[in-house]
Amino acid sequence: MIGRLNHVAIAVPDLAAASALYANALGAEVSEPTGIPEHGVTVVFVGLPNTKIELLSPLGEKSPITAFLERNPSGGIHHVCYEVDDLKAACDRLVTNGARVLGEPKIGAHGLPVVFLHPKDFNGTLIELEQRAA
Ligand code: CO
């Protein structure tokens, strides 16, 4: 059911420093920061030949990243995102298999519907599923 790895998201305490690290030390192409208020994050996209890395930092009072950075002050892998052909069918299949889908699909960082799956159901990993672009 799942397809390409769309991105790996890494929460970082200092977005400018993390961007510079990826650009300079790793020689990667990094985007300008983009604020996504609906998700409470500012994102820098790191383009790789086969996927993306998203550097996330908190935006606003109720950011989902804040508590994560309190537990992981130097940052850490926050979630992985897999593409699916049919998000609704994927959610139905997950629920049938006893996995917890967190809320209803929302429009994600790439303008496509996404949902998150409970990390306790997936070996401690927060999973994002993104509807594959048509
Ligand atoms: Co993501």
# chains A, B, ... in the order shown; residues from 1 in each chain; ligands from 1
$ residues_around --residues "A:Gly75" --least-positions-apart "3" --cutoff "9 Å" --atoms "only C-alpha atoms" --output "PyMOL selection string"
chain A and resi 10-14+68-72+78
$ write_last_selection --atoms "N, CA and C atoms" --output "PDB file, in the first residue's frame"
ATOM      1  N   ILE A  10      12.847  16.324  10.625  1.00  0.00           N
ATOM      2  CA  ILE A  10      13.752  16.426  11.766  1.00  0.00           C
ATOM      3  C   ILE A  10      13.436  17.725  12.498  1.00  0.00           C
ATOM      4  N   ALA A  11      13.081  17.595  13.771  1.00  0.00           N
ATOM      5  CA  ALA A  11      12.843  18.782  14.602  1.00  0.00           C
ATOM      6  C   ALA A  11      14.187  19.356  15.012  1.00  0.00           C
ATOM      7  N   VAL A  12      14.315  20.684  14.899  1.00  0.00           N
ATOM      8  CA  VAL A  12      15.595  21.334  15.207  1.00  0.00           C
ATOM      9  C   VAL A  12      15.351  22.536  16.121  1.00  0.00           C
ATOM     10  N   PRO A  13      16.286  22.791  17.039  1.00  0.00           N
ATOM     11  CA  PRO A  13      16.106  23.928  17.947  1.00  0.00           C
ATOM     12  C   PRO A  13      16.444  25.265  17.295  1.00  0.00           C
ATOM     13  N   ASP A  14      17.268  25.254  16.248  1.00  0.00           N
ATOM     14  CA  ASP A  14      17.699  26.504  15.603  1.00  0.00           C
ATOM     15  C   ASP A  14      17.668  26.266  14.091  1.00  0.00           C
ATOM     16  N   PHE A  68       8.330  18.031  21.867  1.00  0.00           N
ATOM     17  CA  PHE A  68       9.355  17.122  21.336  1.00  0.00           C
ATOM     18  C   PHE A  68      10.749  17.702  21.578  1.00  0.00           C
ATOM     19  N   LEU A  69      10.903  19.016  21.352  1.00  0.00           N
ATOM     20  CA  LEU A  69      12.219  19.635  21.555  1.00  0.00           C
ATOM     21  C   LEU A  69      12.569  19.758  23.036  1.00  0.00           C
ATOM     22  N   GLU A  70      11.539  19.820  23.888  1.00  0.00           N
ATOM     23  CA  GLU A  70      11.831  19.811  25.329  1.00  0.00           C
ATOM     24  C   GLU A  70      12.423  18.452  25.723  1.00  0.00           C
ATOM     25  N   ARG A  71      11.898  17.398  25.125  1.00  0.00           N
ATOM     26  CA  ARG A  71      12.424  16.047  25.418  1.00  0.00           C
ATOM     27  C   ARG A  71      13.743  15.770  24.692  1.00  0.00           C
ATOM     28  N   ASN A  72      13.929  16.431  23.562  1.00  0.00           N
ATOM     29  CA  ASN A  72      15.114  16.205  22.718  1.00  0.00           C
ATOM     30  C   ASN A  72      15.740  17.561  22.388  1.00  0.00           C
ATOM     31  N   HIS A  78      11.548  13.433  13.857  1.00  0.00           N
ATOM     32  CA  HIS A  78      10.198  13.627  14.382  1.00  0.00           C
ATOM     33  C   HIS A  78       9.190  12.692  13.717  1.00  0.00           C
TER      34      HIS A  78
END
$ residues_near_ligand --ligand "ligand 1" --cutoff "7 Å" --atoms "only C-alpha atoms and all ligand atoms" --output "PyMOL selection string"
chain A and resi 7-9+79-81+109+128
$ write_last_selection --atoms "C-alpha atoms" --output "mmCIF file, in the first residue's frame"
data_model
loop_
_atom_site.group_PDB
_atom_site.id
_atom_site.type_symbol
_atom_site.label_atom_id
_atom_site.label_comp_id
_atom_site.auth_asym_id
_atom_site.auth_seq_id
_atom_site.Cartn_x
_atom_site.Cartn_y
_atom_site.Cartn_z
ATOM 1 C CA HIS A 7 10.286 12.917 3.481
ATOM 2 C CA VAL A 8 11.934 12.496 6.841
ATOM 3 C CA ALA A 9 11.147 15.346 9.239
ATOM 4 C CA HIS A 79 8.354 11.622 11.711
ATOM 5 C CA VAL A 80 8.647 9.842 8.391
ATOM 6 C CA CYS A 81 6.189 10.412 5.540
ATOM 7 C CA ALA A 109 3.183 21.085 3.859
ATOM 8 C CA GLU A 128 2.627 10.691 8.203
#
$ select_by_dssp --residues "stretch 19-120 of chain A" --states "alpha helix (DSSP H)" --output "list in words"
Ser19, Ala20, Pro64, Ile65, Thr66, Ala67, Phe68, Leu69, Glu70, Arg71, Leu87, Lys88, Ala89, Ala90, Cys91, Asp92, Arg93, Leu94, Val95 and Thr96 of chain A
$ select_by_dssp --residues "chain A" --states "strand (DSSP E or B)" --output "PyMOL selection string"
chain A and resi 5-11+29-30+34-36+41-47+52-58+76-84+101-107+113-117+127-131
$ residues_around --residues "A:Ala133" --least-positions-apart "2" --cutoff "9 Å" --atoms "only C-alpha atoms" --output "number ranges by chain"
A: 83, 85, 112, 130-131
$ atom_distance --atom1 "atom CA of A:Asp121" --atom2 "atom CA of A:Met1"
17.0 Å
$ closest_atom_pairs --of "stretch 62-120 of chain A" --to "stretch 39-57 of chain A" --cutoff "7 Å" --atoms "only C-alpha atoms" --output "Markdown table"
| residue | atom | partner | partner_atom | distance |
| --- | --- | --- | --- | --- |
| A:Lys62 | CA | A:Gly40 | CA | 6.6 |
| A:Ser63 | CA | A:Gly40 | CA | 4.4 |
| A:Pro64 | CA | A:Gly40 | CA | 6.5 |
| A:Ile65 | CA | A:Ser57 | CA | 6.7 |
$ closest_residue --among "A:Pro113, A:Gly76, A:Pro33, A:Pro119" --to "A:Ala99" --atoms "only C-alpha atoms"
A:Pro119
$ atom_distance --atom1 "atom CA of A:Asn123" --atom2 "atom CA of A:Ile77"
13.8 Å
$ closest_residue --among "A:Gly35, A:Leu94, A:Tyr82, A:Ala89" --to "A:Val114" --atoms "only C-alpha atoms"
A:Tyr82
$ closest_residue --among "A:Glu61, A:Asp86, A:Glu38, A:Asp92" --to "A:Gly111" --atoms "only C-alpha atoms"
A:Glu38
$ decode --residues "stretch 20-121 of chain A" --atoms "C-alpha atoms" --output "PDB file, in the first residue's frame"
ATOM      1  CA  ALA A  20      23.458  26.277   7.303  1.00  0.00           C
ATOM      2  CA  LEU A  21      24.722  22.891   8.483  1.00  0.00           C
ATOM      3  CA  TYR A  22      22.884  21.071   5.692  1.00  0.00           C
ATOM      4  CA  ALA A  23      23.940  23.649   3.091  1.00  0.00           C
ATOM      5  CA  ASN A  24      27.575  23.934   4.129  1.00  0.00           C
ATOM      6  CA  ALA A  25      28.721  20.750   5.871  1.00  0.00           C
ATOM      7  CA  LEU A  26      26.495  18.383   3.861  1.00  0.00           C
ATOM      8  CA  GLY A  27      26.438  20.406   0.632  1.00  0.00           C
ATOM      9  CA  ALA A  28      22.668  20.068   0.259  1.00  0.00           C
ATOM     10  CA  GLU A  29      20.158  22.300  -1.517  1.00  0.00           C
ATOM     11  CA  VAL A  30      18.035  23.986   1.150  1.00  0.00           C
ATOM     12  CA  SER A  31      14.930  26.141   0.659  1.00  0.00           C
ATOM     13  CA  GLU A  32      14.043  29.381   2.356  1.00  0.00           C
ATOM     14  CA  PRO A  33      12.030  28.855   5.583  1.00  0.00           C
ATOM     15  CA  THR A  34       8.258  28.485   5.048  1.00  0.00           C
ATOM     16  CA  GLY A  35       5.807  29.089   7.877  1.00  0.00           C
ATOM     17  CA  ILE A  36       2.862  26.678   8.067  1.00  0.00           C
ATOM     18  CA  PRO A  37       0.692  28.129  10.844  1.00  0.00           C
ATOM     19  CA  GLU A  38      -1.986  25.390  10.549  1.00  0.00           C
ATOM     20  CA  HIS A  39       0.646  22.842  11.566  1.00  0.00           C
ATOM     21  CA  GLY A  40       2.500  25.065  14.027  1.00  0.00           C
ATOM     22  CA  VAL A  41       5.831  24.728  12.247  1.00  0.00           C
ATOM     23  CA  THR A  42       8.326  26.599  10.138  1.00  0.00           C
ATOM     24  CA  VAL A  43       9.890  24.270   7.573  1.00  0.00           C
ATOM     25  CA  VAL A  44      13.069  24.246   5.541  1.00  0.00           C
ATOM     26  CA  PHE A  45      13.033  21.698   2.710  1.00  0.00           C
ATOM     27  CA  VAL A  46      16.291  19.901   1.944  1.00  0.00           C
ATOM     28  CA  GLY A  47      16.154  18.391  -1.542  1.00  0.00           C
ATOM     29  CA  LEU A  48      17.849  15.023  -2.045  1.00  0.00           C
ATOM     30  CA  PRO A  49      17.890  13.023  -5.287  1.00  0.00           C
ATOM     31  CA  ASN A  50      15.482  10.380  -3.955  1.00  0.00           C
ATOM     32  CA  THR A  51      13.506  12.134  -1.185  1.00  0.00           C
ATOM     33  CA  LYS A  52      13.399  15.232   1.003  1.00  0.00           C
ATOM     34  CA  ILE A  53      14.439  16.131   4.505  1.00  0.00           C
ATOM     35  CA  GLU A  54      12.230  18.648   6.306  1.00  0.00           C
ATOM     36  CA  LEU A  55      13.803  20.662   9.082  1.00  0.00           C
ATOM     37  CA  LEU A  56      11.013  21.692  11.474  1.00  0.00           C
ATOM     38  CA  SER A  57      10.998  24.373  14.121  1.00  0.00           C
ATOM     39  CA  PRO A  58       8.125  25.555  16.313  1.00  0.00           C
ATOM     40  CA  LEU A  59       5.770  28.295  15.085  1.00  0.00           C
ATOM     41  CA  GLY A  60       3.239  29.803  17.466  1.00  0.00           C
ATOM     42  CA  GLU A  61       2.069  28.932  20.957  1.00  0.00           C
ATOM     43  CA  LYS A  62       0.686  25.443  20.402  1.00  0.00           C
ATOM     44  CA  SER A  63       3.303  23.905  18.146  1.00  0.00           C
ATOM     45  CA  PRO A  64       3.429  20.086  18.121  1.00  0.00           C
ATOM     46  CA  ILE A  65       7.218  20.412  17.972  1.00  0.00           C
ATOM     47  CA  THR A  66       7.660  22.268  21.264  1.00  0.00           C
ATOM     48  CA  ALA A  67       7.198  19.294  23.593  1.00  0.00           C
ATOM     49  CA  PHE A  68       9.355  17.122  21.336  1.00  0.00           C
ATOM     50  CA  LEU A  69      12.219  19.635  21.555  1.00  0.00           C
ATOM     51  CA  GLU A  70      11.831  19.811  25.329  1.00  0.00           C
ATOM     52  CA  ARG A  71      12.424  16.047  25.418  1.00  0.00           C
ATOM     53  CA  ASN A  72      15.114  16.205  22.718  1.00  0.00           C
ATOM     54  CA  PRO A  73      16.891  19.544  23.177  1.00  0.00           C
ATOM     55  CA  SER A  74      19.390  19.018  20.370  1.00  0.00           C
ATOM     56  CA  GLY A  75      16.614  17.940  17.971  1.00  0.00           C
ATOM     57  CA  GLY A  76      15.798  14.550  16.484  1.00  0.00           C
ATOM     58  CA  ILE A  77      13.821  12.628  13.890  1.00  0.00           C
ATOM     59  CA  HIS A  78      10.198  13.627  14.382  1.00  0.00           C
ATOM     60  CA  HIS A  79       8.354  11.622  11.711  1.00  0.00           C
ATOM     61  CA  VAL A  80       8.647   9.842   8.391  1.00  0.00           C
ATOM     62  CA  CYS A  81       6.189  10.412   5.540  1.00  0.00           C
ATOM     63  CA  TYR A  82       5.082   7.726   3.111  1.00  0.00           C
ATOM     64  CA  GLU A  83       3.014   8.375   0.001  1.00  0.00           C
ATOM     65  CA  VAL A  84      -0.212   6.494  -0.650  1.00  0.00           C
ATOM     66  CA  ASP A  85      -2.360   6.390  -3.782  1.00  0.00           C
ATOM     67  CA  ASP A  86      -5.653   6.684  -1.905  1.00  0.00           C
ATOM     68  CA  LEU A  87      -5.560   8.265   1.547  1.00  0.00           C
ATOM     69  CA  LYS A  88      -9.149   7.339   2.435  1.00  0.00           C
ATOM     70  CA  ALA A  89      -8.623   3.688   1.516  1.00  0.00           C
ATOM     71  CA  ALA A  90      -5.343   3.690   3.434  1.00  0.00           C
ATOM     72  CA  CYS A  91      -7.064   5.002   6.573  1.00  0.00           C
ATOM     73  CA  ASP A  92      -9.790   2.357   6.278  1.00  0.00           C
ATOM     74  CA  ARG A  93      -7.189  -0.387   5.947  1.00  0.00           C
ATOM     75  CA  LEU A  94      -5.243   0.902   8.948  1.00  0.00           C
ATOM     76  CA  VAL A  95      -8.310   1.062  11.163  1.00  0.00           C
ATOM     77  CA  THR A  96      -9.274  -2.464  10.073  1.00  0.00           C
ATOM     78  CA  ASN A  97      -5.798  -3.563  11.161  1.00  0.00           C
ATOM     79  CA  GLY A  98      -6.153  -1.947  14.578  1.00  0.00           C
ATOM     80  CA  ALA A  99      -3.938   1.102  13.983  1.00  0.00           C
ATOM     81  CA  ARG A 100      -4.926   4.513  15.286  1.00  0.00           C
ATOM     82  CA  VAL A 101      -5.297   7.280  12.702  1.00  0.00           C
ATOM     83  CA  LEU A 102      -4.906  10.632  14.475  1.00  0.00           C
ATOM     84  CA  GLY A 103      -7.757  12.868  13.374  1.00  0.00           C
ATOM     85  CA  GLU A 104      -9.121  13.635   9.948  1.00  0.00           C
ATOM     86  CA  PRO A 105      -6.944  14.331   6.887  1.00  0.00           C
ATOM     87  CA  LYS A 106      -5.558  17.894   6.772  1.00  0.00           C
ATOM     88  CA  ILE A 107      -3.721  19.709   4.015  1.00  0.00           C
ATOM     89  CA  GLY A 108      -0.003  19.214   4.655  1.00  0.00           C
ATOM     90  CA  ALA A 109       3.183  21.085   3.859  1.00  0.00           C
ATOM     91  CA  HIS A 110       2.955  20.237   0.143  1.00  0.00           C
ATOM     92  CA  GLY A 111      -0.681  21.215  -0.375  1.00  0.00           C
ATOM     93  CA  LEU A 112      -1.851  17.576  -0.324  1.00  0.00           C
ATOM     94  CA  PRO A 113      -4.009  15.755   2.273  1.00  0.00           C
ATOM     95  CA  VAL A 114      -2.085  14.057   5.081  1.00  0.00           C
ATOM     96  CA  VAL A 115      -2.847  12.090   8.240  1.00  0.00           C
ATOM     97  CA  PHE A 116      -0.663  10.971  11.139  1.00  0.00           C
ATOM     98  CA  LEU A 117      -0.636   7.506  12.729  1.00  0.00           C
ATOM     99  CA  HIS A 118      -0.133   6.834  16.413  1.00  0.00           C
ATOM    100  CA  PRO A 119       3.573   6.132  17.132  1.00  0.00           C
ATOM    101  CA  LYS A 120       2.692   3.473  19.699  1.00  0.00           C
ATOM    102  CA  ASP A 121       1.177   1.407  16.892  1.00  0.00           C
TER     103      ASP A 121
END
